[in-house]
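Undergrad: My file is query_0.cif. It has mmCIF, C-alpha atoms:
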data_target
#
loop_
_atom_site.label_atom_id
_atom_site.label_comp_id
_atom_site.auth_asym_id
_atom_site.auth_seq_id
_atom_site.Cartn_x
_atom_site.Cartn_y
_atom_site.Cartn_z
CA MET A 1 133.77 124.63 -151.48
CA ARG A 2 134.77 121.02 -151.93
CA GLU A 3 134.12 119.49 -155.34
CA ARG A 4 132.94 115.91 -155.71
CA THR A 5 134.79 113.57 -158.01
CA THR A 6 132.83 111.88 -160.77
CA PRO A 7 133.36 108.19 -161.69
CA THR A 8 134.79 107.69 -165.15
CA GLY A 9 133.12 104.36 -165.87
CA THR A 10 129.82 104.00 -167.67
CA ARG A 11 126.62 103.61 -165.70
CA ALA A 12 123.63 101.42 -166.40
CA ARG A 13 120.54 103.30 -167.40
CA PRO A 14 118.27 103.57 -164.35
CA GLY A 15 115.15 103.28 -166.45
CA SER A 16 116.02 100.00 -168.19
CA PRO A 17 112.99 97.69 -168.75
CA ALA A 18 114.66 94.73 -167.03
CA ARG A 19 115.20 96.55 -163.77
CA TRP A 20 111.77 98.18 -163.81
CA SER A 21 109.93 94.93 -164.40
CA GLY A 22 111.69 93.37 -161.43
CA ALA A 23 112.28 95.46 -158.33
CA THR A 24 110.13 98.47 -159.28
CA ALA A 25 107.09 96.40 -160.25
CA GLY A 26 107.38 94.37 -157.05
CA LYS A 27 107.53 97.51 -154.92
CA THR A 28 104.51 98.95 -156.75
CA ILE A 29 102.42 95.84 -156.10
CA LEU A 30 103.45 95.75 -152.46
CA LEU A 31 102.55 99.41 -151.96
CA ARG A 32 99.13 98.85 -153.55
CA LEU A 33 98.45 95.88 -151.27
CA LEU A 34 99.43 97.87 -148.19
CA TRP A 35 97.26 100.78 -149.32
CA GLN A 36 94.22 98.50 -149.79
CA ALA A 37 94.81 96.45 -146.62
CA PRO A 38 92.52 98.51 -144.32
CA THR A 39 89.51 97.80 -146.55
CA VAL A 40 90.41 94.34 -147.83
CA LEU A 41 91.29 92.74 -144.48
CA PRO A 42 87.85 93.15 -142.78
CA LEU A 43 86.11 91.81 -145.89
CA ALA A 44 88.51 88.87 -146.03
CA VAL A 45 87.81 88.01 -142.38
CA LEU A 46 84.05 88.36 -142.98
CA CYS A 47 84.12 86.02 -145.95
CA ALA A 48 86.41 83.50 -144.24
CA VAL A 49 84.34 83.25 -141.04
CA THR A 50 81.08 83.02 -143.00
CA VAL A 51 82.31 80.29 -145.34
CA VAL A 52 83.89 78.25 -142.54
CA GLY A 53 80.77 78.72 -140.39
CA PHE A 54 78.62 77.07 -143.07
CA LEU A 55 81.07 74.17 -143.44
CA VAL A 56 81.52 73.16 -139.79
CA PRO A 57 78.95 71.13 -137.85
CA VAL A 58 75.89 72.99 -136.52
CA ASP A 59 76.97 72.55 -132.91
CA ILE A 60 80.01 74.79 -133.58
CA HIS A 61 78.93 78.45 -133.57
CA LEU A 62 81.32 80.86 -135.26
CA ALA A 63 79.08 83.92 -135.54
CA SER A 64 80.68 85.45 -132.43
CA LEU A 65 83.97 85.68 -134.33
CA LEU A 66 82.44 88.27 -136.65
CA VAL A 67 82.87 90.90 -133.96
CA ALA A 68 86.46 91.14 -135.19
CA VAL A 69 85.24 92.57 -138.51
CA PRO A 70 84.26 96.09 -137.32
CA ALA A 71 87.10 96.02 -134.80
CA LEU A 72 89.62 95.67 -137.64
CA THR A 73 88.44 98.96 -139.14
CA ALA A 74 89.32 100.99 -136.01
CA GLY A 75 91.31 104.06 -137.02
CA LEU A 76 91.88 102.73 -140.55
CA VAL A 77 88.74 103.57 -142.53
CA GLY A 78 85.96 106.09 -142.18
CA PRO A 79 82.64 105.77 -140.30
CA ARG A 80 80.61 105.05 -143.44
CA TRP A 81 82.79 102.12 -144.45
CA THR A 82 82.74 100.82 -140.87
CA ALA A 83 78.92 100.98 -140.81
CA LEU A 84 78.69 99.13 -144.12
CA ILE A 85 81.11 96.42 -142.94
CA THR A 86 79.12 96.07 -139.71
CA ALA A 87 75.84 95.74 -141.61
CA LEU A 88 77.30 92.93 -143.73
CA ALA A 89 78.65 91.26 -140.59
CA CYS A 90 75.19 91.45 -138.96
CA VAL A 91 73.63 89.75 -142.00
CA ALA A 92 76.33 87.04 -141.93
CA ALA A 93 75.93 86.53 -138.16
CA ALA A 94 72.14 86.18 -138.47
CA ALA A 95 72.54 83.71 -141.35
CA LEU A 96 75.03 81.59 -139.38
CA ASP A 97 72.85 81.56 -136.24
CA ILE A 98 69.74 80.64 -138.22
CA ARG A 99 71.68 77.86 -139.96
CA ASP A 100 72.81 76.60 -136.51
CA GLY A 101 69.21 76.53 -135.28
CA LEU A 102 69.48 79.58 -133.03
CA MET A 103 66.56 81.48 -134.56
CA ASP A 104 64.59 81.57 -131.29
CA SER A 105 67.64 81.62 -129.02
CA PRO A 106 68.82 84.79 -127.18
CA ILE A 107 72.26 84.14 -128.67
CA LEU A 108 71.31 85.65 -132.04
CA PRO A 109 70.35 89.12 -130.70
CA ILE A 110 73.41 89.04 -128.42
CA HIS A 111 75.65 88.54 -131.46
CA LEU A 112 73.95 91.42 -133.26
CA ILE A 113 74.20 93.72 -130.22
CA ASP A 114 77.90 92.88 -129.88
CA LEU A 115 78.52 93.89 -133.48
CA LEU A 116 76.59 97.15 -133.11
CA VAL A 117 78.36 98.07 -129.85
CA VAL A 118 81.79 97.47 -131.40
CA CYS A 119 80.75 99.49 -134.47
CA GLY A 120 79.63 102.38 -132.25
CA LEU A 121 82.91 102.35 -130.31
CA VAL A 122 84.93 102.31 -133.52
CA VAL A 123 82.97 105.25 -134.95
CA LEU A 124 83.43 107.15 -131.68
CA PHE A 125 87.14 106.43 -131.75
CA TRP A 126 87.30 107.68 -135.33
CA ARG A 127 85.56 110.94 -134.42
CA LEU A 128 87.86 111.56 -131.45
CA ARG A 129 90.93 110.82 -133.54
CA ASP A 130 89.68 113.14 -136.27
CA LEU A 131 89.25 115.95 -133.72
CA ASP A 132 92.76 115.33 -132.36
CA PHE A 133 94.18 115.35 -135.88
CA LYS A 134 92.49 118.65 -136.72
CA ALA A 135 93.80 120.18 -133.49
CA LEU A 136 97.29 118.93 -134.33
CA VAL A 137 97.11 120.44 -137.81
CA GLN A 138 96.01 123.78 -136.38
CA ALA A 139 98.78 123.70 -133.75
CA ARG A 140 101.41 122.94 -136.37
CA SER A 141 100.15 125.73 -138.62
CA VAL A 142 100.44 128.15 -135.69
CA SER A 143 103.92 126.79 -134.98
CA ASP A 144 104.93 127.30 -138.61
CA ALA A 145 103.63 130.88 -138.52
CA ALA A 146 105.50 131.53 -135.26
CA GLN A 147 108.69 130.11 -136.75
CA ARG A 148 108.45 132.35 -139.80
CA ALA A 149 107.81 135.37 -137.57
CA VAL A 150 110.55 134.65 -135.01
CA LEU A 151 113.15 132.74 -137.02
CA ARG A 152 112.97 134.18 -140.51
CA PRO A 153 114.58 132.17 -143.31
CA LEU A 154 118.02 133.46 -144.23
CA PRO A 155 118.53 134.77 -147.78
CA ARG A 156 120.40 132.41 -150.08
CA ARG A 157 122.61 135.30 -151.23
CA ILE A 158 123.53 138.34 -149.19
CA GLY A 159 126.45 140.60 -150.01
CA ARG A 160 129.33 138.40 -151.17
CA LEU A 161 128.05 135.41 -149.24
CA ARG A 162 126.10 132.34 -150.23
CA ILE A 163 124.17 131.08 -147.19
CA ALA A 164 122.20 127.98 -146.15
CA SER A 165 120.54 127.30 -142.80
CA VAL A 166 118.86 124.37 -141.05
CA TYR A 167 116.92 124.14 -137.81
CA ARG A 168 116.16 120.70 -136.36
CA SER A 169 114.04 120.57 -133.23
CA ALA A 170 114.45 117.76 -130.70
CA ALA A 171 110.67 117.72 -130.12
CA ALA A 172 108.84 115.67 -132.74
CA GLN A 173 105.96 118.12 -133.23
CA ALA A 174 107.84 121.36 -132.54
CA GLN A 175 109.16 123.65 -135.25
CA ILE A 176 110.88 126.28 -133.09
CA GLY A 177 112.81 126.36 -129.85
CA GLY A 178 115.62 128.21 -128.15
CA ASP A 179 118.19 128.17 -130.97
CA LEU A 180 118.37 131.25 -133.16
CA TYR A 181 120.15 132.80 -136.14
CA ALA A 182 119.79 135.91 -138.28
CA ALA A 183 121.68 137.90 -140.91
CA GLU A 184 121.48 141.59 -141.75
CA ARG A 185 122.98 143.47 -144.68
CA ILE A 186 124.61 146.79 -143.77
CA PRO A 187 126.61 149.12 -146.05
CA GLY A 188 129.79 147.29 -147.05
CA ALA A 189 129.33 144.22 -144.84
CA VAL A 190 127.07 141.45 -143.55
CA ARG A 191 126.37 140.92 -139.86
CA LEU A 192 125.21 137.57 -138.50
CA ILE A 193 124.25 136.08 -135.17
CA ILE A 194 123.76 132.50 -134.04
CA GLY A 195 122.75 131.73 -130.48
CA ASP A 196 121.34 129.22 -128.03
CA VAL A 197 118.93 130.10 -125.23
CA ARG A 198 119.30 128.24 -121.97
CA GLY A 199 116.11 126.30 -121.30
CA LYS A 200 113.26 124.95 -123.38
CA GLY A 201 109.63 125.61 -124.16
CA LEU A 202 107.87 128.94 -124.51
CA PRO A 203 110.29 130.87 -122.24
CA ALA A 204 113.15 129.90 -124.56
CA VAL A 205 111.16 131.00 -127.61
CA ASP A 206 110.38 134.30 -125.87
CA ASP A 207 114.08 134.90 -125.12
CA ALA A 208 115.07 133.98 -128.67
CA ALA A 209 112.52 136.43 -130.09
CA ALA A 210 113.88 139.19 -127.81
CA VAL A 211 117.47 138.59 -128.95
CA LEU A 212 116.57 138.45 -132.64
CA GLY A 213 114.51 141.63 -132.45
CA ALA A 214 117.33 143.46 -130.71
CA PHE A 215 119.91 142.23 -133.21
CA ARG A 216 117.88 143.23 -136.27
CA GLU A 217 117.59 146.75 -134.90
CA ALA A 218 121.10 147.19 -133.47
CA ALA A 219 122.85 145.68 -136.53
CA HIS A 220 121.93 148.80 -138.52
CA ARG A 221 122.43 151.29 -135.71
CA ASP A 222 125.74 150.47 -134.03
CA ALA A 223 128.93 151.28 -135.89
CA THR A 224 131.18 148.58 -134.43
CA LEU A 225 130.69 144.98 -133.42
CA PRO A 226 131.54 145.58 -129.73
CA GLU A 227 128.91 148.32 -129.63
CA LEU A 228 126.43 145.93 -131.24
CA VAL A 229 127.05 143.19 -128.67
CA ALA A 230 126.86 145.74 -125.83
CA SER A 231 123.45 146.81 -127.18
CA LEU A 232 122.33 143.17 -127.27
CA GLU A 233 123.42 142.72 -123.66
CA GLY A 234 121.42 145.78 -122.64
CA SER A 235 118.32 144.57 -124.50
CA VAL A 236 118.55 141.06 -123.08
CA GLY A 237 119.06 142.45 -119.57
CA ARG A 238 115.95 144.62 -119.85
CA HIS A 239 113.98 141.69 -121.23
CA LEU A 240 115.00 139.37 -118.40
CA ARG A 241 114.25 141.99 -115.77
CA GLU A 242 110.81 142.43 -117.26
CA VAL A 243 109.99 138.71 -117.33
CA GLY A 244 111.50 138.41 -113.84
CA LYS A 245 108.40 140.16 -112.49
CA THR A 246 106.37 137.04 -113.27
CA ASP A 247 109.06 134.34 -113.62
CA ARG A 248 111.17 133.58 -110.57
CA ASP A 249 113.63 131.54 -112.64
CA SER A 250 114.52 134.40 -114.99
CA GLY A 251 117.80 134.94 -113.13
CA GLU A 252 119.01 131.57 -114.45
CA ARG A 253 118.25 132.40 -118.08
CA PHE A 254 120.95 133.50 -120.50
CA ILE A 255 121.88 133.19 -124.18
CA THR A 256 125.15 132.06 -125.67
CA ALA A 257 125.78 133.87 -128.93
CA LEU A 258 128.28 134.31 -131.72
CA VAL A 259 128.12 137.69 -133.50
CA LEU A 260 130.02 138.09 -136.76
CA GLU A 261 130.75 140.75 -139.34
CA ILE A 262 132.04 139.91 -142.82
CA PRO A 263 133.11 142.94 -144.87
CA ASP A 264 132.81 142.97 -148.65
CA ASP A 265 136.26 144.44 -149.32
CA ALA A 266 138.45 142.50 -146.87
CA PRO A 267 139.08 138.71 -146.71
CA VAL A 268 138.34 138.46 -142.99
CA VAL A 269 135.58 137.58 -140.57
CA ARG A 270 135.29 139.65 -137.41
CA MET A 271 133.76 137.87 -134.46
CA ILE A 272 132.77 138.23 -130.82
CA SER A 273 131.95 135.05 -128.92
CA CYS A 274 129.62 135.26 -125.94
CA GLY A 275 130.19 131.78 -124.57
CA HIS A 276 129.15 130.11 -127.83
CA PRO A 277 130.83 127.14 -129.57
CA PRO A 278 133.42 128.34 -132.13
CA PRO A 279 132.69 128.03 -135.85
CA LEU A 280 134.50 125.74 -138.28
CA ARG A 281 136.23 127.11 -141.38
CA SER A 282 137.14 125.15 -144.48
CA HIS A 283 140.02 126.72 -146.41
CA ARG A 284 141.21 124.83 -149.50
CA GLY A 285 140.28 121.47 -147.98
CA ALA A 286 141.75 122.14 -144.52
CA THR A 287 139.43 122.58 -141.52
CA THR A 288 140.22 125.09 -138.77
CA LEU A 289 138.41 125.76 -135.50
CA LEU A 290 138.04 129.52 -135.08
CA ARG A 291 138.34 129.60 -131.31
CA SER A 292 138.08 133.07 -129.78
CA PRO A 293 141.04 134.01 -127.54
CA HIS A 294 138.83 136.63 -125.83
CA PRO A 295 135.42 135.04 -125.12
CA ALA A 296 132.82 137.19 -123.38
CA PRO A 297 130.11 136.03 -120.95
CA PRO A 298 126.79 134.88 -122.42
CA LEU A 299 124.15 137.51 -123.03
CA GLY A 300 122.07 138.16 -119.94
CA LEU A 301 124.93 137.78 -117.46
CA ALA A 302 125.68 141.53 -117.42
CA GLY A 303 129.01 141.55 -119.22
CA ASP A 304 131.00 144.78 -119.13
CA ALA A 305 131.79 146.83 -122.24
CA GLU A 306 135.48 145.85 -122.06
CA ASP A 307 134.50 142.16 -122.20
CA TYR A 308 133.51 142.47 -125.85
CA ARG A 309 136.85 142.26 -127.62
CA LEU A 310 136.97 141.81 -131.37
CA ASP A 311 138.64 138.75 -132.93
CA SER A 312 139.55 138.58 -136.63
CA PHE A 313 140.21 135.50 -138.74
CA PRO A 314 140.99 135.08 -142.45
CA LEU A 315 138.04 134.27 -144.70
CA GLU A 316 139.14 134.21 -148.31
CA SER A 317 137.15 133.69 -151.47
CA GLY A 318 135.93 130.09 -151.69
CA ASP A 319 136.20 129.51 -147.92
CA THR A 320 133.23 127.99 -146.12
CA LEU A 321 132.23 128.80 -142.56
CA LEU A 322 130.00 126.52 -140.46
CA LEU A 323 128.15 128.12 -137.54
CA HIS A 324 126.31 125.81 -135.15
CA THR A 325 124.74 125.50 -131.71
CA ASP A 326 125.90 123.07 -129.06
CA GLY A 327 123.20 120.58 -130.05
CA LEU A 328 125.60 119.48 -132.81
CA LEU A 329 128.50 118.86 -130.43
CA GLU A 330 126.43 117.24 -127.68
CA ALA A 331 124.58 114.75 -129.92
CA ARG A 332 125.32 111.20 -128.72
CA ASP A 333 124.98 107.81 -130.32
CA GLY A 334 123.75 104.66 -128.59
CA THR A 335 127.09 104.16 -126.81
CA GLY A 336 127.17 107.72 -125.48
CA ALA A 337 129.87 108.92 -127.91
CA PHE A 338 129.57 112.58 -128.95
CA TYR A 339 129.18 113.52 -132.59
CA PRO A 340 132.68 114.26 -134.03
CA ALA A 341 131.69 117.49 -135.76
CA HIS A 342 135.25 118.60 -136.59
CA GLU A 343 136.21 115.27 -138.18
CA ARG A 344 132.96 114.92 -140.11
CA PHE A 345 133.10 118.48 -141.41
CA ASP A 346 136.66 117.82 -142.55
CA SER A 347 135.73 114.60 -144.39
CA LEU A 348 132.43 115.59 -146.03
CA LEU A 349 132.32 116.56 -149.69
CA TRP A 350 130.07 119.33 -150.95
CA THR A 351 129.74 121.86 -153.74
CA ASP A 352 127.72 124.57 -151.97
CA PRO A 353 126.40 125.38 -148.47
CA ASP A 354 123.03 123.73 -149.13
CA GLU A 355 124.65 120.42 -149.97
CA LEU A 356 126.97 120.72 -146.99
CA LEU A 357 124.08 121.05 -144.55
CA GLN A 358 122.11 118.26 -146.23
CA ARG A 359 125.03 115.87 -145.86
CA LEU A 360 125.85 117.04 -142.35
CA VAL A 361 122.28 116.66 -141.08
CA LYS A 362 121.98 113.22 -142.66
CA ASP A 363 125.24 112.15 -141.05
CA LEU A 364 124.18 113.60 -137.69
CA LEU A 365 120.84 111.77 -137.71
CA GLU A 366 122.57 108.52 -138.58
CA HIS A 367 124.93 109.06 -135.63
CA VAL A 368 122.08 109.58 -133.14
CA GLU A 369 119.86 106.96 -134.84
CA GLY A 370 117.23 109.61 -135.57
CA ARG A 371 116.80 110.72 -131.92
CA LEU A 372 118.00 114.24 -131.18
CA GLU A 373 118.16 115.19 -127.50
CA ASP A 374 118.62 118.92 -128.15
CA ASP A 375 117.73 121.42 -130.86
CA VAL A 376 120.33 121.98 -133.56
CA ALA A 377 120.75 125.14 -135.61
CA LEU A 378 123.25 125.21 -138.47
CA VAL A 379 124.32 128.05 -140.75
CA ALA A 380 126.80 127.47 -143.58
CA LEU A 381 128.17 130.38 -145.58
CA GLU A 382 130.59 130.57 -148.47
CA ARG A 383 132.51 133.68 -149.45
CA LEU A 384 132.03 134.14 -153.18
CA ARG A 385 134.65 135.34 -155.59
CA GLU A 386 134.22 138.57 -157.48
CA GLN A 387 133.73 138.10 -161.19
CA SER A 388 137.08 139.76 -161.89
CA GLU A 389 138.90 137.64 -159.32
CA PRO A 390 140.72 134.58 -160.68
CA PRO A 391 140.08 131.24 -158.92
CA ALA A 392 142.63 130.13 -156.31
CA ALA A 393 145.32 127.81 -157.49
#
Once more with this new file: its structure as structure tokens, please.
TA:
Amino acid sequence: MRERTTPTGTRARPGSPARWSGATAGKTILLRLLWQAPTVLPLAVLCAVTVVGFLVPVDIHLASLLVAVPALTAGLVGPRWTALITALACVAAAALDIRDGLMDSPILPIHLIDLLVVCGLVVLFWRLRDLDFKALVQARSVSDAAQRAVLRPLPRRIGRLRIASVYRSAAAQAQIGGDLYAAERIPGAVRLIIGDVRGKGLPAVDDAAAVLGAFREAAHRDATLPELVASLEGSVGRHLREVGKTDRDSGERFITALVLEIPDDAPVVRMISCGHPPPLRSHRGATTLLRSPHPAPPLGLAGDAEDYRLDSFPLESGDTLLLHTDGLLEARDGTGAFYPAHERFDSLLWTDPDELLQRLVKDLLEHVEGRLEDDVALVALERLREQSEPPAA
């Protein structure tokens, strides 16, 4: 945990009348104008064309310009308001044409037909957009339900750990993808997994669901971490063989994963890396990369039992551990420079895992200018002190 320093000087009251009457009032007026623009603008054009049409000579016909009135309502206001605006425009067009001496001319009905055709197209466009919007809402609700079922939210407290997690999808409308994480409480310890499925789309979600289901079951069954990872490899292998019956590309699918165990009574974190990026640990302000000296192959590549060798690292009270997928390391800015995760993690200030992830995600999005090319999953955990344990000097 890194504490933030507080300025010692006095601060101006944010709710002072002088400031509110200036910037805040101006913003309020601007927001109101923008909110009313879709309804005010067509009426303003209608009034302007009508007034000018009565002022210019009779040989200048401006009624045809009124076709812009219903066109300006496209996608901005509802069908009823569009029909009302069109009716007013038809009255104004007829009045202008009669004033210009076009009562018996075919021009007058042409102007009225033009207005009605544009009105009909705008109403049709509104209906189609409304159907698309409803379909999008339904799709997003299904996506949210799938995310909650596949990628369950992590508990804020589990064992002696305080945890926060974030999932950011590269797809604008997607809520889930191939990145995964989970945590399970077992007697005397907490087991966690974070992983990244090779590929995108529904196959990646299917693989992620298979890994998470296997982990949630094996975490409570297998006594040691190597046995747990061996069980995951067996489950992933069976899953890929099954999907291989209908998917010819299943042989190229695999999952990088980091499986951890944090006991309650020992200041360590035990870890097995299956080709996954190493976590970052903050210990009393110093950042360390916990790189595994014995990495195993990714899940799905048929690793042997002897490949899963346990690594242990210190994790004392007050230490913070950042788990992440490679979307964090491979994020690029406009010049192609990768996101410096180690340096940023070392320089950020936070008081708890939630604040850490908030600041990290904000900094990441600023680096990539809001455009992520790959999904990013982040899990931050802090080892809490026991009530009887004095704080570190």
Undergrad: Apply the PyMOL selection byres ((chain A and resi 236-241) around 8) to the structure shown and report the selected residues as a VMD selection string.
TA: chain A and resid 207 210 to 211 232 to 235 242 to 245 250 to 251 253 299 to 302
Undergrad: Using only C-alpha atoms, please write the residues we just selected to a file, as a CSV table (one decimal), keeping the file's coordinate frame.
TA:
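So result.csv came out as:
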chain,number,residue,atom,x,y,z
A,207,ASP,CA,114.1,134.9,-125.1
A,210,ALA,CA,113.9,139.2,-127.8
A,211,VAL,CA,117.5,138.6,-129.0
A,232,LEU,CA,122.3,143.2,-127.3
A,233,GLU,CA,123.4,142.7,-123.7
A,234,GLY,CA,121.4,145.8,-122.6
A,235,SER,CA,118.3,144.6,-124.5
A,242,GLU,CA,110.8,142.4,-117.3
A,243,VAL,CA,110.0,138.7,-117.3
A,244,GLY,CA,111.5,138.4,-113.8
A,245,LYS,CA,108.4,140.2,-112.5
A,250,SER,CA,114.5,134.4,-115.0
A,251,GLY,CA,117.8,134.9,-113.1
A,253,ARG,CA,118.2,132.4,-118.1
A,299,LEU,CA,124.2,137.5,-123.0
A,300,GLY,CA,122.1,138.2,-119.9
A,301,LEU,CA,124.9,137.8,-117.5
A,302,ALA,CA,125.7,141.5,-117.4
Undergrad: For the atom pair atom CA of Val376 of chain A and atom CA of Leu328 of chain A, what is the interatomic distance in Å to one decimal place?
TA: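 A separation of 5.9 Å between them.
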Undergrad: Can you tell me which residues surround Pro340 of chain A at a distance of at most 10 Å, considering only C-alpha atoms, apart from same-chain residues fewer than 4 positions away, and format the answer as a ChimeraX atom specification?
TA: /A:328-332,344-345,364,367
Undergrad: Mind telling me what the PyMOL selection byres ((chain A and resi 378) around 7) catches here, as a PyMOL selection string?
TA: chain A and resi 165-167+323-325+376-377+379-380
Undergrad: Write the residues you've just listed into a file as a short mmCIF file (atom, residue, chain, number, x, y, z; two decimals), keeping the file's coordinate frame, and include C-alpha atoms for each of them.
TA:
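Result went into result-v4.cif, see below:
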data_model
loop_
_atom_site.label_atom_id
_atom_site.label_comp_id
_atom_site.auth_asym_id
_atom_site.auth_seq_id
_atom_site.Cartn_x
_atom_site.Cartn_y
_atom_site.Cartn_z
CA SER A 165 120.54 127.30 -142.80
CA VAL A 166 118.86 124.37 -141.05
CA TYR A 167 116.92 124.14 -137.81
CA LEU A 323 128.15 128.12 -137.54
CA HIS A 324 126.31 125.81 -135.15
CA THR A 325 124.74 125.50 -131.71
CA VAL A 376 120.33 121.98 -133.56
CA ALA A 377 120.75 125.14 -135.61
CA VAL A 379 124.32 128.05 -140.75
CA ALA A 380 126.80 127.47 -143.58
#
Undergrad: So which residues touch Thr256 of chain A within 7 Å, counting all atoms listed in the file, skipping near sequence neighbours fewer than 4 positions away, as a list in words?
TA: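 My reading of the contact set: Gly195, Asp196, Val197, Cys274, Gly275, His276, Pro298 and Leu299 of chain A.
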